[in-house]
Amino acid sequence: MTVNQLDAESLYTALLAGVKPLVKPNTALVGVWSGGAWLAERLQRDLGLAGEHGVISSALHRDDFSQRGMSNADPTKLPFEVDGRAILLIDDVLYTGRTTRAVINELFDFGRPASVTLAVLVDRGGRELPIEAAFTAARIALAPDDRLRLARDDAGRFSFDIKESD
Amino acid sequence: MLQQRNPQLNSHGELIHLLSIEGLPRAVIHHILDTAGTFLSVNDREVKKVPLLRGKSVFNLFFENSTRTRTTFEIAAKRLSADVINLDIARSSAAKGESLLDTIANLSAMHADMFVVRHSESGAPYLIAKHCAPHVHVVNAGDGRHAHPTQALLDMYTIRHYKQDFTKLTVAIVGDIVHSRVARSDIHALTTLGVPEIRAVGPKTLVPGDLKEMGVRVCHDMAEGIRGADVIIMLRLQNERMSGAMLPSAGEFFKNYGLTPEKLALAKPDAIVMHPGPINRGVEIDSAVADGTQSVILPQVTFGIAVRMAVMSTIAGNNA
């Protein structure tokens, strides 16, 4: 599959089907800001889960803080007790794994979850940490400088923001 | 010809020191206020600490006394996981005759990463910023009569928290404006954020007419000054000024400019009352107002920690 063949809406349908078996009675959905948060918001609705999804930001635990400074991400908002919950982390793109590491640290600042599972729309390879998703809707190989992230229009429809390096 | 750039900003326009509100772009101020919002929510967590300044050393250099500002800077730095070293400079090396820059050179040799500086001389933090190593950041915690930028930022955070939109507000600053670095920094911040009416209220000796040049409406009559205001910022009447010819007496000042419930009734019904502290009850503010429902003096202190966390993490994340 090439990057231009990625269809965000059909991948979302695959993600919805893929996370269904991962949902347990004590599951709480937590989306990684920003793309993952949009996905979690829609999954919460489509899975018919009660309550509100969580949003988590990597900003306060990033390992590139000294190079890149404070990011503009929305703050973490977890409208439920984290202790004892089965946290299902949702992200749009899994790449180096560094964001996932940072948000797991962020999550533990709020309590001790029973478990943490990761599901993503796209795995683009290039991992720098031992992190894997339990469900991945698509896998694709991209050059290190290529940019791939989720976008959402006013009607709530997903697409990809793609910028290929020269 | 080389253009002189703002010493607080690097070549990308990012904040590397916080020395003054003057010359700070609106976007930088909003970024700090937004970041402070993130840090305020850290108080709700089980772990009230984030690792952004882990392994960094923050030196609090207070050449002038302060309890609140020094303490909130210390808490802010500790919540960011920095090591904090408090130096009571007034009683140590300066008293032994060491120059400011020699003190800085020695502390830099102890691997300081950030200096939080309060000094009675206007411009002292600039001098330090100019002479320290490129990786070292400086925060002005009040210099002479010049500036107190973190107080202004926490005041802006407080106003935004209660009033949201700056562009429709009338803000009255009341009291000893001529000696106040808080007033000066607040006026710059309010102007940058687009507040349409800023009033400076007080007697002629403490509110000089040339403040008009800063775009401020000068009012020597208290009723005129606070009528219809959305925000009232009371300043501390500095006791040390009372001995001179600037004021007849504290009682006289309270009668004319002290904020009582009756005077507060002239402002908008939902007006908020602010004060940078420490307050002098019965001198510039009545206890019924200081402890009343419109007072946001204690929330200001809480917001001050989050704002100082935002300032320290923002400058520490940007390189010279």
# chains A, B, ... in the order shown; residues from 1 in each chain; ligands from 1
>>> closest_atom_pairs(of="chain B", to="chain A", cutoff="10 Å", atoms="only C-alpha atoms", output="CSV")
residue,atom,partner,partner_atom,distance
B:Glu14,CA,A:Gly69,CA,9.6
B:His31,CA,A:Asn72,CA,7.6
B:Ile32,CA,A:Met70,CA,9.7
B:Asp34,CA,A:Asn72,CA,8.1
B:Thr35,CA,A:Asn72,CA,7.5
B:Gly37,CA,A:Pro75,CA,7.9
B:Thr38,CA,A:Pro75,CA,5.1
B:Phe39,CA,A:Pro75,CA,8.4
B:Leu40,CA,A:Pro75,CA,9.9
B:Ser41,CA,A:Pro75,CA,7.9
B:Val42,CA,A:Asp109,CA,9.0
B:Asp44,CA,A:Phe110,CA,8.5
B:Arg45,CA,A:Phe110,CA,5.2
B:Glu46,CA,A:Phe110,CA,5.1
B:Val47,CA,A:Asp109,CA,4.9
B:Lys48,CA,A:Asp109,CA,7.7
B:Lys49,CA,A:Asp109,CA,8.2
B:Val50,CA,A:Leu60,CA,6.2
B:Pro51,CA,A:His61,CA,6.5
B:Leu52,CA,A:Leu60,CA,6.3
B:Leu53,CA,A:Ser66,CA,9.1
B:Leu80,CA,A:Leu60,CA,9.3
B:Ala310,CA,A:Met70,CA,8.9
B:Ser313,CA,A:Met70,CA,6.9
B:Thr314,CA,A:Met70,CA,5.8
B:Ile315,CA,A:Gly69,CA,8.0
B:Ala316,CA,A:Ser66,CA,7.2
B:Gly317,CA,A:Gly69,CA,3.6
B:Asn318,CA,A:Gly69,CA,5.5
B:Asn319,CA,A:Gln67,CA,7.6
>>> select_by_dssp(residues="segment 45-164 of chain B", states="alpha helix (DSSP H)", output="MDAnalysis selection string")
chainID B and resid 68:79 100:109 124:131 149:163
>>> write_last_selection(atoms="C-alpha atoms", output="short mmCIF file (atom, residue, chain, number, x, y, z; two decimals), in the first residue's frame")
data_model
loop_
_atom_site.label_atom_id
_atom_site.label_comp_id
_atom_site.auth_asym_id
_atom_site.auth_seq_id
_atom_site.Cartn_x
_atom_site.Cartn_y
_atom_site.Cartn_z
CA ARG B 68 5.29 35.30 48.43
CA THR B 69 7.17 35.70 45.17
CA ARG B 70 10.20 33.68 46.33
CA THR B 71 8.01 30.92 47.76
CA THR B 72 5.82 30.62 44.67
CA PHE B 73 8.91 30.51 42.44
CA GLU B 74 10.34 27.79 44.66
CA ILE B 75 7.14 25.73 44.55
CA ALA B 76 6.88 26.23 40.79
CA ALA B 77 10.46 25.06 40.20
CA LYS B 78 9.99 22.05 42.47
CA ARG B 79 6.75 21.04 40.71
CA LEU B 100 26.79 41.38 41.08
CA LEU B 101 28.62 39.93 38.10
CA ASP B 102 31.21 38.19 40.31
CA THR B 103 28.34 36.60 42.25
CA ILE B 104 26.79 35.41 38.97
CA ALA B 105 30.13 34.08 37.70
CA ASN B 106 30.59 32.06 40.88
CA LEU B 107 27.07 30.65 40.80
CA SER B 108 27.47 29.79 37.13
CA ALA B 109 30.59 27.82 38.09
CA ALA B 124 19.89 44.20 37.17
CA PRO B 125 18.28 41.14 35.52
CA TYR B 126 19.22 42.54 32.08
CA LEU B 127 22.82 42.85 33.16
CA ILE B 128 22.82 39.23 34.35
CA ALA B 129 21.14 37.98 31.15
CA LYS B 130 23.75 39.79 29.09
CA HIS B 131 26.70 38.27 30.92
CA PRO B 149 6.66 40.58 34.64
CA THR B 150 5.53 37.35 36.34
CA GLN B 151 3.15 39.33 38.58
CA ALA B 152 1.70 40.96 35.46
CA LEU B 153 1.33 37.57 33.76
CA LEU B 154 -0.46 36.07 36.75
CA ASP B 155 -2.69 39.16 36.85
CA MET B 156 -3.50 38.60 33.16
CA TYR B 157 -4.17 34.93 33.85
CA THR B 158 -6.56 35.92 36.65
CA ILE B 159 -8.39 38.46 34.48
CA ARG B 160 -8.69 35.99 31.60
CA HIS B 161 -9.95 33.32 33.98
CA TYR B 162 -12.81 35.49 35.26
CA LYS B 163 -13.49 37.79 32.28
#
>>> closest_atom_pairs(of="segment 63-99 of chain A", to="segment 123-128 of chain A", cutoff="8 Å", atoms="only C-alpha atoms", output="tab-separated table")
residue	atom	partner	partner_atom	distance
A:Val93	CA	A:Asp123	CA	5.8
A:Leu94	CA	A:Asp123	CA	4.8
A:Tyr95	CA	A:Arg124	CA	5.5
A:Thr96	CA	A:Arg127	CA	4.0
A:Gly97	CA	A:Arg127	CA	5.8
A:Arg98	CA	A:Glu128	CA	7.4
>>> closest_residue(among="A:Arg152, A:Lys163, A:His53, A:Arg157", to="Phe80 of chain A", atoms="only C-alpha atoms")
A:His53
>>> residues_around(residues="Lys255 of chain B", least_positions_apart="5", cutoff="10 Å", atoms="only C-alpha atoms", output="short mmCIF file (atom, residue, chain, number, x, y, z; two decimals) with N, CA and C atoms, in the first residue's frame")
data_model
loop_
_atom_site.label_atom_id
_atom_site.label_comp_id
_atom_site.auth_asym_id
_atom_site.auth_seq_id
_atom_site.Cartn_x
_atom_site.Cartn_y
_atom_site.Cartn_z
N SER B 249 -1.34 61.18 55.41
CA SER B 249 -1.36 60.10 56.40
C SER B 249 -2.06 58.90 55.80
N ALA B 250 -1.87 57.74 56.45
CA ALA B 250 -2.52 56.52 55.96
C ALA B 250 -4.03 56.66 56.07
N THR B 260 -13.54 50.48 49.78
CA THR B 260 -14.56 50.06 50.75
C THR B 260 -15.74 49.47 49.97
N GLY B 282 -7.27 48.27 55.87
CA GLY B 282 -7.56 49.58 56.44
C GLY B 282 -6.65 50.68 55.93
N VAL B 283 -5.74 50.37 55.01
CA VAL B 283 -4.92 51.42 54.39
C VAL B 283 -5.31 51.60 52.93
N GLU B 284 -5.17 50.54 52.12
CA GLU B 284 -5.65 50.67 50.74
C GLU B 284 -6.91 49.82 50.50
#
>>> atom_distance(atom1="atom CA of Ala151 of chain A", atom2="atom CA of Val30 of chain A")
18.1 Å
>>> atom_distance(atom1="atom CA of Asn10 of chain B", atom2="atom CA of Arg26 of chain B")
16.2 Å
>>> residues_around(residues="Ala138 of chain A", least_positions_apart="6", cutoff="9 Å", atoms="only C-alpha atoms", output="PyMOL selection string")
chain A and resi 1+6+11+14+120-124
>>> residues_around(residues="segment 17-19 of chain B", least_positions_apart="2", cutoff="6 Å", atoms="only C-alpha atoms", output="PDB file with C-alpha atoms, in the first residue's frame")
ATOM      1  CA  GLN B   8      14.440  38.254  25.901  1.00  0.00           C
ATOM      2  CA  LEU B  15      11.352  33.535  24.757  1.00  0.00           C
ATOM      3  CA  HIS B 137      18.030  31.551  31.528  1.00  0.00           C
ATOM      4  CA  VAL B 138      17.029  34.564  33.624  1.00  0.00           C
ATOM      5  CA  VAL B 139      13.641  35.466  35.109  1.00  0.00           C
ATOM      6  CA  ASN B 140      13.045  38.935  36.490  1.00  0.00           C
ATOM      7  CA  ILE B 315      12.238  29.667  28.593  1.00  0.00           C
TER       8      ILE B 315
END
>>> residues_around(residues="Ser295 of chain B", least_positions_apart="6", cutoff="8 Å", atoms="only C-alpha atoms", output="PDB file with N, CA and C atoms, in the first residue's frame")
ATOM      1  N   ILE B 272     -14.198  42.263  39.553  1.00  0.00           N
ATOM      2  CA  ILE B 272     -13.314  41.518  40.453  1.00  0.00           C
ATOM      3  C   ILE B 272     -12.293  42.466  41.071  1.00  0.00           C
ATOM      4  N   VAL B 273     -11.873  42.131  42.301  1.00  0.00           N
ATOM      5  CA  VAL B 273     -10.894  42.943  43.026  1.00  0.00           C
ATOM      6  C   VAL B 273      -9.603  42.138  43.163  1.00  0.00           C
ATOM      7  N   MET B 274      -8.503  42.723  42.689  1.00  0.00           N
ATOM      8  CA  MET B 274      -7.207  42.059  42.749  1.00  0.00           C
ATOM      9  C   MET B 274      -6.223  42.877  43.576  1.00  0.00           C
ATOM     10  N   VAL B 289     -13.911  44.120  51.840  1.00  0.00           N
ATOM     11  CA  VAL B 289     -13.674  43.929  50.402  1.00  0.00           C
ATOM     12  C   VAL B 289     -12.629  42.833  50.184  1.00  0.00           C
TER      13      VAL B 289
END
>>> select_by_dssp(residues="segment 4-199 of chain B", states="strand (DSSP E)", output="MDAnalysis selection string")
chainID B and resid 57:62 83:87 114:119 137:143 170:174 197:199
>>> residues_around(residues="Gly194 of chain B", least_positions_apart="3", cutoff="7 Å", atoms="only C-alpha atoms", output="JSON, numbers by chain")
{"B": [166, 167, 190, 191]}
>>> write_last_selection(atoms="C-alpha atoms", output="PDB file, in the first residue's frame")
ATOM      1  CA  PHE B 166      -9.694  41.429  27.211  1.00  0.00           C
ATOM      2  CA  THR B 167     -11.027  43.617  24.403  1.00  0.00           C
ATOM      3  CA  LEU B 190      -3.132  45.063  29.393  1.00  0.00           C
ATOM      4  CA  THR B 191      -2.203  47.278  26.440  1.00  0.00           C
TER       5      THR B 191
END
>>> atom_distance(atom1="atom CA of Ala223 of chain B", atom2="atom CA of Asn280 of chain B")
20.7 Å
